[in-house]
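Everything below concerns the one structure shown next.
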Amino acid sequence: MTGRGIYVEARIAAPPETVWALTQDPEQHVRWDVRFSRIVPTTPTAGGATRFTYTRRTPVGTVAGDGVSIGETERPDGTRTSALRFATTDRRSPLRAGRGYWRYVPDGDGTRFVTGYDYAPGWGRLLDRLARPLLGWATAWSFDRLRLWAEQGVEPERWPLRSVLWVWRADRPRAARCRRAPEHGRRHDDHLRDAPRTLDSLPAPEAAP
């Protein structure tokens, strides 16, 4: 890990149960998250986690990798969490091994949906100076696309990635609507310090060749 993690937080006017359903179901997840094209659960682990494979279609081919995740729906503080580890050996990927979490925090009549993650650069540290901001932007843009779906029922497919250029549409997803650093924190920091303890219990993913 680099110590320059990515943090994104969106305030969604929908209950945690709704946000959980749209994010934990792999078929729904890939509809709003531009970082993935397909997620397929494979086998459970002895500790209750779920292994999965993932792919992302790119102009230079399909990048594949493996991951493992575990969720918590009943925590003493009323929040929910999901922790994951992922890995790929595909040289076309800007990420190699990484880990992160989602946190679902009840907030009045809505949910604060938070992620923090970090990874080993796949293209070297120099090119990661370009790739990391783009990944952070893609995460935030996806979170806002999810927000529109959860709040207004606007299906993600209505907002393809090219809608970024639809500047005449004030209702389009925008990464700028998301917080990119914790309150009183910095954007480039170790955002895994606040990860749930379940992250440390996850076994390593089986990296795809």
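By order of appearance in the structure tokens: chains A, B, ..., then residues from 1 within every chain, and ligands from 1 in the order shown.
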At most 10 Å is the cut-off: for each residue in region 111-132 of chain A with any atom that close to an atom of region 176-184 of chain A, write down the nearest atom pair and the distance in Å rounded to one decimal, counting only C-alpha atoms, chain first then increasing number, as a Markdown table.
| residue | atom | partner | partner_atom | distance |
| --- | --- | --- | --- | --- |
| A:Phe113 | CA | A:Cys178 | CA | 9.9 |
| A:Val114 | CA | A:Arg179 | CA | 9.2 |
| A:Thr115 | CA | A:Arg180 | CA | 9.8 |
| A:Gly116 | CA | A:Ala181 | CA | 9.5 |
Output file for the residues above (C-alpha atoms, as a compact mmCIF listing (two decimals), in the first residue's frame):
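The new file selection.txt reads:
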# COMPACT_ATOMS: atom_id res chain seq x y z
CA PHE A 113 -21.98 6.09 2.16
CA VAL A 114 -18.21 6.08 2.64
CA THR A 115 -15.31 4.24 1.04
CA GLY A 116 -11.61 4.19 1.77
Give me every helix (DSSP H, G or I) residue in region 7-181 of chain A, going by DSSP on the backbone, as a PDB file with N, CA and C atoms, in the first residue's frame.
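As written to disk, result03.pdb reads:
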ATOM      1  N   PRO A  16     -30.264   3.048   4.859  1.00  0.00           N
ATOM      2  CA  PRO A  16     -29.141   2.131   4.652  1.00  0.00           C
ATOM      3  C   PRO A  16     -29.545   0.832   3.975  1.00  0.00           C
ATOM      4  N   GLU A  17     -30.758   0.340   4.253  1.00  0.00           N
ATOM      5  CA  GLU A  17     -31.202  -0.914   3.630  1.00  0.00           C
ATOM      6  C   GLU A  17     -31.249  -0.795   2.110  1.00  0.00           C
ATOM      7  N   THR A  18     -31.688   0.368   1.626  1.00  0.00           N
ATOM      8  CA  THR A  18     -31.757   0.577   0.181  1.00  0.00           C
ATOM      9  C   THR A  18     -30.368   0.659  -0.428  1.00  0.00           C
ATOM     10  N   VAL A  19     -29.488   1.427   0.207  1.00  0.00           N
ATOM     11  CA  VAL A  19     -28.122   1.569  -0.312  1.00  0.00           C
ATOM     12  C   VAL A  19     -27.403   0.224  -0.264  1.00  0.00           C
ATOM     13  N   TRP A  20     -27.622  -0.527   0.800  1.00  0.00           N
ATOM     14  CA  TRP A  20     -27.013  -1.854   0.920  1.00  0.00           C
ATOM     15  C   TRP A  20     -27.459  -2.760  -0.231  1.00  0.00           C
ATOM     16  N   ALA A  21     -28.745  -2.761  -0.516  1.00  0.00           N
ATOM     17  CA  ALA A  21     -29.271  -3.638  -1.566  1.00  0.00           C
ATOM     18  C   ALA A  21     -28.685  -3.296  -2.933  1.00  0.00           C
ATOM     19  N   LEU A  22     -28.485  -2.016  -3.214  1.00  0.00           N
ATOM     20  CA  LEU A  22     -27.978  -1.597  -4.525  1.00  0.00           C
ATOM     21  C   LEU A  22     -26.473  -1.768  -4.659  1.00  0.00           C
ATOM     22  N   THR A  23     -25.788  -1.976  -3.542  1.00  0.00           N
ATOM     23  CA  THR A  23     -24.329  -2.082  -3.590  1.00  0.00           C
ATOM     24  C   THR A  23     -23.805  -3.489  -3.325  1.00  0.00           C
ATOM     25  N   GLN A  24     -24.555  -4.299  -2.585  1.00  0.00           N
ATOM     26  CA  GLN A  24     -24.078  -5.628  -2.227  1.00  0.00           C
ATOM     27  C   GLN A  24     -24.470  -6.701  -3.232  1.00  0.00           C
ATOM     28  N   PRO A  26     -24.116  -8.164  -6.653  1.00  0.00           N
ATOM     29  CA  PRO A  26     -23.150  -7.950  -7.740  1.00  0.00           C
ATOM     30  C   PRO A  26     -23.779  -7.466  -9.035  1.00  0.00           C
ATOM     31  N   GLU A  27     -24.971  -7.949  -9.364  1.00  0.00           N
ATOM     32  CA  GLU A  27     -25.617  -7.539 -10.602  1.00  0.00           C
ATOM     33  C   GLU A  27     -26.031  -6.074 -10.570  1.00  0.00           C
ATOM     34  N   GLN A  28     -26.407  -5.586  -9.391  1.00  0.00           N
ATOM     35  CA  GLN A  28     -26.757  -4.171  -9.259  1.00  0.00           C
ATOM     36  C   GLN A  28     -25.497  -3.306  -9.148  1.00  0.00           C
ATOM     37  N   HIS A  29     -24.494  -3.836  -8.475  1.00  0.00           N
ATOM     38  CA  HIS A  29     -23.254  -3.085  -8.264  1.00  0.00           C
ATOM     39  C   HIS A  29     -22.647  -2.628  -9.587  1.00  0.00           C
ATOM     40  N   VAL A  30     -22.527  -3.529 -10.539  1.00  0.00           N
ATOM     41  CA  VAL A  30     -21.863  -3.174 -11.788  1.00  0.00           C
ATOM     42  C   VAL A  30     -22.678  -2.204 -12.639  1.00  0.00           C
ATOM     43  N   ARG A  31     -23.933  -2.014 -12.291  1.00  0.00           N
ATOM     44  CA  ARG A  31     -24.764  -1.090 -13.054  1.00  0.00           C
ATOM     45  C   ARG A  31     -24.403   0.363 -12.769  1.00  0.00           C
ATOM     46  N   TRP A  32     -23.975   0.660 -11.543  1.00  0.00           N
ATOM     47  CA  TRP A  32     -23.671   2.053 -11.204  1.00  0.00           C
ATOM     48  C   TRP A  32     -22.180   2.327 -11.062  1.00  0.00           C
ATOM     49  N   GLY A 124       3.596   1.545 -11.910  1.00  0.00           N
ATOM     50  CA  GLY A 124       4.708   2.258 -11.306  1.00  0.00           C
ATOM     51  C   GLY A 124       4.237   3.535 -10.632  1.00  0.00           C
ATOM     52  N   ARG A 125       5.060   4.042  -9.742  1.00  0.00           N
ATOM     53  CA  ARG A 125       4.657   5.202  -8.938  1.00  0.00           C
ATOM     54  C   ARG A 125       4.538   6.472  -9.764  1.00  0.00           C
ATOM     55  N   LEU A 126       5.333   6.603 -10.802  1.00  0.00           N
ATOM     56  CA  LEU A 126       5.268   7.820 -11.614  1.00  0.00           C
ATOM     57  C   LEU A 126       3.932   7.926 -12.332  1.00  0.00           C
ATOM     58  N   LEU A 127       3.535   6.876 -13.034  1.00  0.00           N
ATOM     59  CA  LEU A 127       2.260   6.908 -13.747  1.00  0.00           C
ATOM     60  C   LEU A 127       1.082   6.874 -12.781  1.00  0.00           C
ATOM     61  N   ASP A 128       1.318   6.357 -11.567  1.00  0.00           N
ATOM     62  CA  ASP A 128       0.229   6.340 -10.592  1.00  0.00           C
ATOM     63  C   ASP A 128      -0.174   7.747 -10.185  1.00  0.00           C
ATOM     64  N   ARG A 129       0.710   8.716 -10.376  1.00  0.00           N
ATOM     65  CA  ARG A 129       0.351  10.105 -10.077  1.00  0.00           C
ATOM     66  C   ARG A 129      -0.759  10.592 -11.003  1.00  0.00           C
ATOM     67  N   LEU A 130      -0.896   9.949 -12.165  1.00  0.00           N
ATOM     68  CA  LEU A 130      -1.985  10.262 -13.082  1.00  0.00           C
ATOM     69  C   LEU A 130      -3.171   9.335 -12.862  1.00  0.00           C
ATOM     70  N   ALA A 131      -2.873   8.044 -12.633  1.00  0.00           N
ATOM     71  CA  ALA A 131      -3.949   7.055 -12.517  1.00  0.00           C
ATOM     72  C   ALA A 131      -4.757   7.232 -11.233  1.00  0.00           C
ATOM     73  N   ARG A 132      -4.095   7.541 -10.119  1.00  0.00           N
ATOM     74  CA  ARG A 132      -4.785   7.607  -8.824  1.00  0.00           C
ATOM     75  C   ARG A 132      -5.860   8.706  -8.795  1.00  0.00           C
ATOM     76  N   PRO A 133      -5.589   9.915  -9.258  1.00  0.00           N
ATOM     77  CA  PRO A 133      -6.664  10.917  -9.288  1.00  0.00           C
ATOM     78  C   PRO A 133      -7.828  10.498 -10.173  1.00  0.00           C
ATOM     79  N   LEU A 134      -7.543   9.814 -11.284  1.00  0.00           N
ATOM     80  CA  LEU A 134      -8.621   9.350 -12.152  1.00  0.00           C
ATOM     81  C   LEU A 134      -9.470   8.287 -11.468  1.00  0.00           C
ATOM     82  N   LEU A 135      -8.825   7.396 -10.717  1.00  0.00           N
ATOM     83  CA  LEU A 135      -9.572   6.381  -9.982  1.00  0.00           C
ATOM     84  C   LEU A 135     -10.432   7.009  -8.892  1.00  0.00           C
ATOM     85  N   GLY A 136      -9.886   8.016  -8.220  1.00  0.00           N
ATOM     86  CA  GLY A 136     -10.670   8.722  -7.217  1.00  0.00           C
ATOM     87  C   GLY A 136     -11.862   9.414  -7.837  1.00  0.00           C
ATOM     88  N   TRP A 137     -11.639  10.051  -8.983  1.00  0.00           N
ATOM     89  CA  TRP A 137     -12.745  10.714  -9.688  1.00  0.00           C
ATOM     90  C   TRP A 137     -13.799   9.695 -10.111  1.00  0.00           C
ATOM     91  N   ALA A 138     -13.368   8.556 -10.681  1.00  0.00           N
ATOM     92  CA  ALA A 138     -14.308   7.533 -11.133  1.00  0.00           C
ATOM     93  C   ALA A 138     -15.131   6.987  -9.973  1.00  0.00           C
ATOM     94  N   THR A 139     -14.506   6.836  -8.810  1.00  0.00           N
ATOM     95  CA  THR A 139     -15.239   6.371  -7.631  1.00  0.00           C
ATOM     96  C   THR A 139     -16.299   7.388  -7.226  1.00  0.00           C
ATOM     97  N   ALA A 140     -15.928   8.661  -7.167  1.00  0.00           N
ATOM     98  CA  ALA A 140     -16.874   9.704  -6.768  1.00  0.00           C
ATOM     99  C   ALA A 140     -18.001   9.847  -7.788  1.00  0.00           C
ATOM    100  N   TRP A 141     -17.674   9.806  -9.066  1.00  0.00           N
ATOM    101  CA  TRP A 141     -18.714   9.907 -10.100  1.00  0.00           C
ATOM    102  C   TRP A 141     -19.689   8.744  -9.982  1.00  0.00           C
ATOM    103  N   SER A 142     -19.170   7.558  -9.736  1.00  0.00           N
ATOM    104  CA  SER A 142     -20.030   6.382  -9.581  1.00  0.00           C
ATOM    105  C   SER A 142     -20.925   6.514  -8.355  1.00  0.00           C
ATOM    106  N   PHE A 143     -20.373   7.041  -7.263  1.00  0.00           N
ATOM    107  CA  PHE A 143     -21.174   7.226  -6.048  1.00  0.00           C
ATOM    108  C   PHE A 143     -22.332   8.186  -6.308  1.00  0.00           C
ATOM    109  N   ASP A 144     -22.094   9.229  -7.099  1.00  0.00           N
ATOM    110  CA  ASP A 144     -23.188  10.158  -7.372  1.00  0.00           C
ATOM    111  C   ASP A 144     -24.215   9.533  -8.310  1.00  0.00           C
ATOM    112  N   ARG A 145     -23.762   8.687  -9.210  1.00  0.00           N
ATOM    113  CA  ARG A 145     -24.715   7.962 -10.066  1.00  0.00           C
ATOM    114  C   ARG A 145     -25.561   7.024  -9.222  1.00  0.00           C
ATOM    115  N   LEU A 146     -24.952   6.386  -8.223  1.00  0.00           N
ATOM    116  CA  LEU A 146     -25.711   5.569  -7.283  1.00  0.00           C
ATOM    117  C   LEU A 146     -26.716   6.419  -6.515  1.00  0.00           C
ATOM    118  N   ARG A 147     -26.292   7.594  -6.079  1.00  0.00           N
ATOM    119  CA  ARG A 147     -27.186   8.480  -5.326  1.00  0.00           C
ATOM    120  C   ARG A 147     -28.450   8.800  -6.125  1.00  0.00           C
ATOM    121  N   LEU A 148     -28.291   9.129  -7.380  1.00  0.00           N
ATOM    122  CA  LEU A 148     -29.446   9.445  -8.220  1.00  0.00           C
ATOM    123  C   LEU A 148     -30.383   8.251  -8.346  1.00  0.00           C
ATOM    124  N   TRP A 149     -29.805   7.067  -8.406  1.00  0.00           N
ATOM    125  CA  TRP A 149     -30.617   5.853  -8.507  1.00  0.00           C
ATOM    126  C   TRP A 149     -31.396   5.623  -7.214  1.00  0.00           C
ATOM    127  N   ALA A 150     -30.706   5.722  -6.081  1.00  0.00           N
ATOM    128  CA  ALA A 150     -31.339   5.450  -4.788  1.00  0.00           C
ATOM    129  C   ALA A 150     -32.381   6.509  -4.432  1.00  0.00           C
ATOM    130  N   GLU A 151     -32.109   7.759  -4.761  1.00  0.00           N
ATOM    131  CA  GLU A 151     -33.003   8.845  -4.362  1.00  0.00           C
ATOM    132  C   GLU A 151     -34.170   9.047  -5.321  1.00  0.00           C
ATOM    133  N   GLN A 152     -33.892   8.936  -6.619  1.00  0.00           N
ATOM    134  CA  GLN A 152     -34.881   9.335  -7.619  1.00  0.00           C
ATOM    135  C   GLN A 152     -35.360   8.190  -8.508  1.00  0.00           C
ATOM    136  N   PRO A 156     -29.038   3.713 -13.576  1.00  0.00           N
ATOM    137  CA  PRO A 156     -27.677   4.145 -13.939  1.00  0.00           C
ATOM    138  C   PRO A 156     -27.418   4.159 -15.436  1.00  0.00           C
ATOM    139  N   GLU A 157     -28.056   3.251 -16.165  1.00  0.00           N
ATOM    140  CA  GLU A 157     -27.819   3.180 -17.605  1.00  0.00           C
ATOM    141  C   GLU A 157     -28.224   4.463 -18.332  1.00  0.00           C
ATOM    142  N   ARG A 158     -29.052   5.264 -17.688  1.00  0.00           N
ATOM    143  CA  ARG A 158     -29.433   6.551 -18.278  1.00  0.00           C
ATOM    144  C   ARG A 158     -28.256   7.507 -18.322  1.00  0.00           C
ATOM    145  N   LEU A 161     -20.962   6.802 -19.213  1.00  0.00           N
ATOM    146  CA  LEU A 161     -19.781   7.591 -18.869  1.00  0.00           C
ATOM    147  C   LEU A 161     -19.674   8.842 -19.740  1.00  0.00           C
ATOM    148  N   ARG A 162     -20.126   8.759 -20.973  1.00  0.00           N
ATOM    149  CA  ARG A 162     -20.034   9.929 -21.850  1.00  0.00           C
ATOM    150  C   ARG A 162     -20.921  11.083 -21.391  1.00  0.00           C
ATOM    151  N   SER A 163     -21.833  10.816 -20.450  1.00  0.00           N
ATOM    152  CA  SER A 163     -22.695  11.888 -19.953  1.00  0.00           C
ATOM    153  C   SER A 163     -21.894  12.938 -19.180  1.00  0.00           C
ATOM    154  N   VAL A 164     -20.647  12.616 -18.862  1.00  0.00           N
ATOM    155  CA  VAL A 164     -19.765  13.614 -18.253  1.00  0.00           C
ATOM    156  C   VAL A 164     -19.687  14.853 -19.140  1.00  0.00           C
ATOM    157  N   LEU A 165     -19.824  14.649 -20.437  1.00  0.00           N
ATOM    158  CA  LEU A 165     -19.715  15.759 -21.390  1.00  0.00           C
ATOM    159  C   LEU A 165     -21.034  16.491 -21.600  1.00  0.00           C
ATOM    160  N   ALA A 175     -18.939  14.043  -9.913  1.00  0.00           N
ATOM    161  CA  ALA A 175     -18.033  13.644  -8.842  1.00  0.00           C
ATOM    162  C   ALA A 175     -17.901  14.735  -7.796  1.00  0.00           C
ATOM    163  N   ALA A 176     -18.058  15.987  -8.213  1.00  0.00           N
ATOM    164  CA  ALA A 176     -17.869  17.111  -7.304  1.00  0.00           C
ATOM    165  C   ALA A 176     -18.901  17.142  -6.189  1.00  0.00           C
ATOM    166  N   ARG A 177     -19.988  16.401  -6.303  1.00  0.00           N
ATOM    167  CA  ARG A 177     -20.992  16.375  -5.239  1.00  0.00           C
ATOM    168  C   ARG A 177     -20.552  15.516  -4.045  1.00  0.00           C
TER     169      ARG A 177
END
Hey, what's within 10 Å of Ser93 (chain A) if we count only C-alpha atoms and toss same-chain stuff fewer than 3 positions away? As a list in words, please?
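Near neighbours after the sequence-gap exclusion: Arg56, Thr58, Thr62, Val63, Ala64, Gly65, Thr88, Thr89, Asp90, Arg96, Pro121, Gly122 and Trp123 of chain A.
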Written selection (all heavy atoms) as an mmCIF file, in the first residue's frame:
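Result went into out07.cif, see below:
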data_model
loop_
_atom_site.group_PDB
_atom_site.id
_atom_site.type_symbol
_atom_site.label_atom_id
_atom_site.label_comp_id
_atom_site.auth_asym_id
_atom_site.auth_seq_id
_atom_site.Cartn_x
_atom_site.Cartn_y
_atom_site.Cartn_z
ATOM 1 N N ARG A 56 -13.122 -5.766 -15.965
ATOM 2 C CA ARG A 56 -13.369 -4.403 -16.419
ATOM 3 C C ARG A 56 -12.953 -4.319 -17.876
ATOM 4 O O ARG A 56 -11.798 -4.563 -18.226
ATOM 5 C CB ARG A 56 -12.568 -3.392 -15.589
ATOM 6 C CG ARG A 56 -12.704 -1.939 -16.088
ATOM 7 C CD ARG A 56 -14.101 -1.418 -15.860
ATOM 8 N NE ARG A 56 -14.264 -0.034 -16.256
ATOM 9 C CZ ARG A 56 -14.792 0.376 -17.416
ATOM 10 N NH1 ARG A 56 -15.188 -0.513 -18.324
ATOM 11 N NH2 ARG A 56 -14.928 1.654 -17.668
ATOM 12 N N THR A 58 -11.850 -2.528 -21.120
ATOM 13 C CA THR A 58 -11.113 -1.303 -21.427
ATOM 14 C C THR A 58 -10.841 -1.265 -22.931
ATOM 15 O O THR A 58 -10.997 -2.285 -23.622
ATOM 16 C CB THR A 58 -9.777 -1.252 -20.666
ATOM 17 O OG1 THR A 58 -8.847 -2.162 -21.289
ATOM 18 C CG2 THR A 58 -9.953 -1.631 -19.195
ATOM 19 N N THR A 62 -9.964 -6.732 -21.806
ATOM 20 C CA THR A 62 -10.671 -6.936 -20.547
ATOM 21 C C THR A 62 -9.688 -7.311 -19.450
ATOM 22 O O THR A 62 -8.965 -8.295 -19.558
ATOM 23 C CB THR A 62 -11.731 -8.039 -20.690
ATOM 24 O OG1 THR A 62 -12.700 -7.628 -21.661
ATOM 25 C CG2 THR A 62 -12.442 -8.273 -19.362
ATOM 26 N N VAL A 63 -9.662 -6.511 -18.391
ATOM 27 C CA VAL A 63 -8.814 -6.759 -17.231
ATOM 28 C C VAL A 63 -9.590 -7.634 -16.253
ATOM 29 O O VAL A 63 -10.757 -7.362 -15.961
ATOM 30 C CB VAL A 63 -8.408 -5.435 -16.565
ATOM 31 C CG1 VAL A 63 -7.666 -5.705 -15.259
ATOM 32 C CG2 VAL A 63 -7.561 -4.599 -17.508
ATOM 33 N N ALA A 64 -8.955 -8.676 -15.742
ATOM 34 C CA ALA A 64 -9.604 -9.597 -14.810
ATOM 35 C C ALA A 64 -8.834 -9.669 -13.509
ATOM 36 O O ALA A 64 -7.615 -9.485 -13.467
ATOM 37 C CB ALA A 64 -9.708 -10.991 -15.433
ATOM 38 N N GLY A 65 -9.554 -9.942 -12.432
ATOM 39 C CA GLY A 65 -8.921 -10.087 -11.140
ATOM 40 C C GLY A 65 -9.786 -10.892 -10.195
ATOM 41 O O GLY A 65 -10.876 -11.353 -10.564
ATOM 42 N N THR A 88 -4.859 -8.520 -8.961
ATOM 43 C CA THR A 88 -4.744 -8.938 -10.347
ATOM 44 C C THR A 88 -3.274 -8.891 -10.740
ATOM 45 O O THR A 88 -2.500 -8.102 -10.183
ATOM 46 C CB THR A 88 -5.555 -8.036 -11.289
ATOM 47 O OG1 THR A 88 -5.391 -8.491 -12.649
ATOM 48 C CG2 THR A 88 -5.082 -6.583 -11.205
ATOM 49 N N THR A 89 -2.904 -9.730 -11.675
ATOM 50 C CA THR A 89 -1.549 -9.699 -12.220
ATOM 51 C C THR A 89 -1.550 -9.181 -13.657
ATOM 52 O O THR A 89 -0.532 -9.215 -14.325
ATOM 53 C CB THR A 89 -0.910 -11.106 -12.184
ATOM 54 O OG1 THR A 89 -1.757 -12.018 -12.903
ATOM 55 C CG2 THR A 89 -0.738 -11.582 -10.747
ATOM 56 N N ASP A 90 -2.714 -8.697 -14.105
ATOM 57 C CA ASP A 90 -2.850 -8.169 -15.466
ATOM 58 C C ASP A 90 -2.078 -6.855 -15.583
ATOM 59 O O ASP A 90 -2.353 -5.890 -14.870
ATOM 60 C CB ASP A 90 -4.328 -7.947 -15.789
ATOM 61 C CG ASP A 90 -4.566 -7.742 -17.274
ATOM 62 O OD1 ASP A 90 -3.787 -7.001 -17.913
ATOM 63 O OD2 ASP A 90 -5.543 -8.314 -17.800
ATOM 64 N N ARG A 96 -2.695 -3.288 -8.686
ATOM 65 C CA ARG A 96 -2.340 -4.679 -8.447
ATOM 66 C C ARG A 96 -3.147 -5.142 -7.236
ATOM 67 O O ARG A 96 -4.356 -5.152 -7.275
ATOM 68 C CB ARG A 96 -0.831 -4.802 -8.204
ATOM 69 C CG ARG A 96 -0.017 -4.609 -9.476
ATOM 70 C CD ARG A 96 -0.233 -5.721 -10.509
ATOM 71 N NE ARG A 96 0.678 -5.577 -11.626
ATOM 72 C CZ ARG A 96 0.395 -4.915 -12.747
ATOM 73 N NH1 ARG A 96 -0.772 -4.320 -12.872
ATOM 74 N NH2 ARG A 96 1.276 -4.842 -13.726
ATOM 75 N N PRO A 121 0.432 0.235 -6.931
ATOM 76 C CA PRO A 121 0.317 0.680 -8.317
ATOM 77 C C PRO A 121 0.730 -0.392 -9.309
ATOM 78 O O PRO A 121 1.721 -1.102 -9.101
ATOM 79 C CB PRO A 121 1.260 1.884 -8.385
ATOM 80 C CG PRO A 121 1.430 2.328 -6.969
ATOM 81 C CD PRO A 121 1.353 1.072 -6.153
ATOM 82 N N GLY A 122 -0.029 -0.490 -10.391
ATOM 83 C CA GLY A 122 0.284 -1.459 -11.430
ATOM 84 C C GLY A 122 1.175 -0.902 -12.520
ATOM 85 O O GLY A 122 1.793 -1.655 -13.271
ATOM 86 N N TRP A 123 1.249 0.420 -12.628
ATOM 87 C CA TRP A 123 2.030 1.055 -13.686
ATOM 88 C C TRP A 123 3.234 1.815 -13.143
ATOM 89 O O TRP A 123 3.814 2.654 -13.819
ATOM 90 C CB TRP A 123 1.158 2.020 -14.479
ATOM 91 C CG TRP A 123 0.027 1.360 -15.203
ATOM 92 C CD1 TRP A 123 -0.107 0.036 -15.490
ATOM 93 C CD2 TRP A 123 -1.133 2.003 -15.737
ATOM 94 N NE1 TRP A 123 -1.273 -0.193 -16.161
ATOM 95 C CE2 TRP A 123 -1.924 1.002 -16.326
ATOM 96 C CE3 TRP A 123 -1.580 3.324 -15.765
ATOM 97 C CZ2 TRP A 123 -3.135 1.272 -16.945
ATOM 98 C CZ3 TRP A 123 -2.791 3.604 -16.384
ATOM 99 C CH2 TRP A 123 -3.552 2.591 -16.976
#
What gap, in Å, lies between CA of Thr55 (chain A) and CA of Val154 (chain A)?
24.7 Å
From a DSSP pass on the backbone, collect the residues of region 25-169 of chain A flagged as strand (DSSP E) and hand them back as a count of residues only.
61
For a test of reading the model, state the distance in Å between CA of Gly98 (chain A) and CA of Thr73 (chain A), rounded to one decimal.
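Between these atoms lies a distance of 23.1 Å.
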What is the distance between CA of Val60 (chain A) and CA of Ala87 (chain A), in Å to one decimal?
19.1 Å
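Excluding Ser82 (chain A) itself and any same-chain residue fewer than 3 positions from it, the protein and nucleic acid residues within 6 Å of it, counting only C-alpha atoms, are Ile70, Gly71, Tyr101 and Trp102 of chain A.
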Can you list, as a list in words, every protein, DNA or RNA residue that comes within 7 Å of Ile6 (chain A) when you count only C-alpha atoms, leaving out same-chain residues fewer than 2 positions away?
Arg4, Val8, Gly116, Tyr117, Asp118, Gly136, His188 and His191 of chain A
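If only C-alpha atoms are the atoms counted, then among A:Gly48, A:Glu155, A:Phe36, A:Val167 the closest residue to Glu72 (chain A) is A:Gly48.
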Exercise: Ala83 (chain A) partners within 9 Å, only C-alpha atoms, chain neighbours under 3 positions left out, as an MDAnalysis selection string:
chainID A and resid 68:72 99:103 195:200 202
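Counting only C-alpha atoms, the residue from A:Ala49, A:Leu192, A:Ala13, A:Val34 that sits nearest to Ala204 (chain A) is A:Ala49.
Closest approach to Pro205 (chain A) among A:Gly108, A:Pro59, A:Gly67, A:Gly78 is made by A:Gly67 (distances from only C-alpha atoms).
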Residue nearest Leu95 (chain A) among A:Ala120, A:Pro44, A:Thr111, A:Thr79 (counting only C-alpha atoms):
A:Ala120
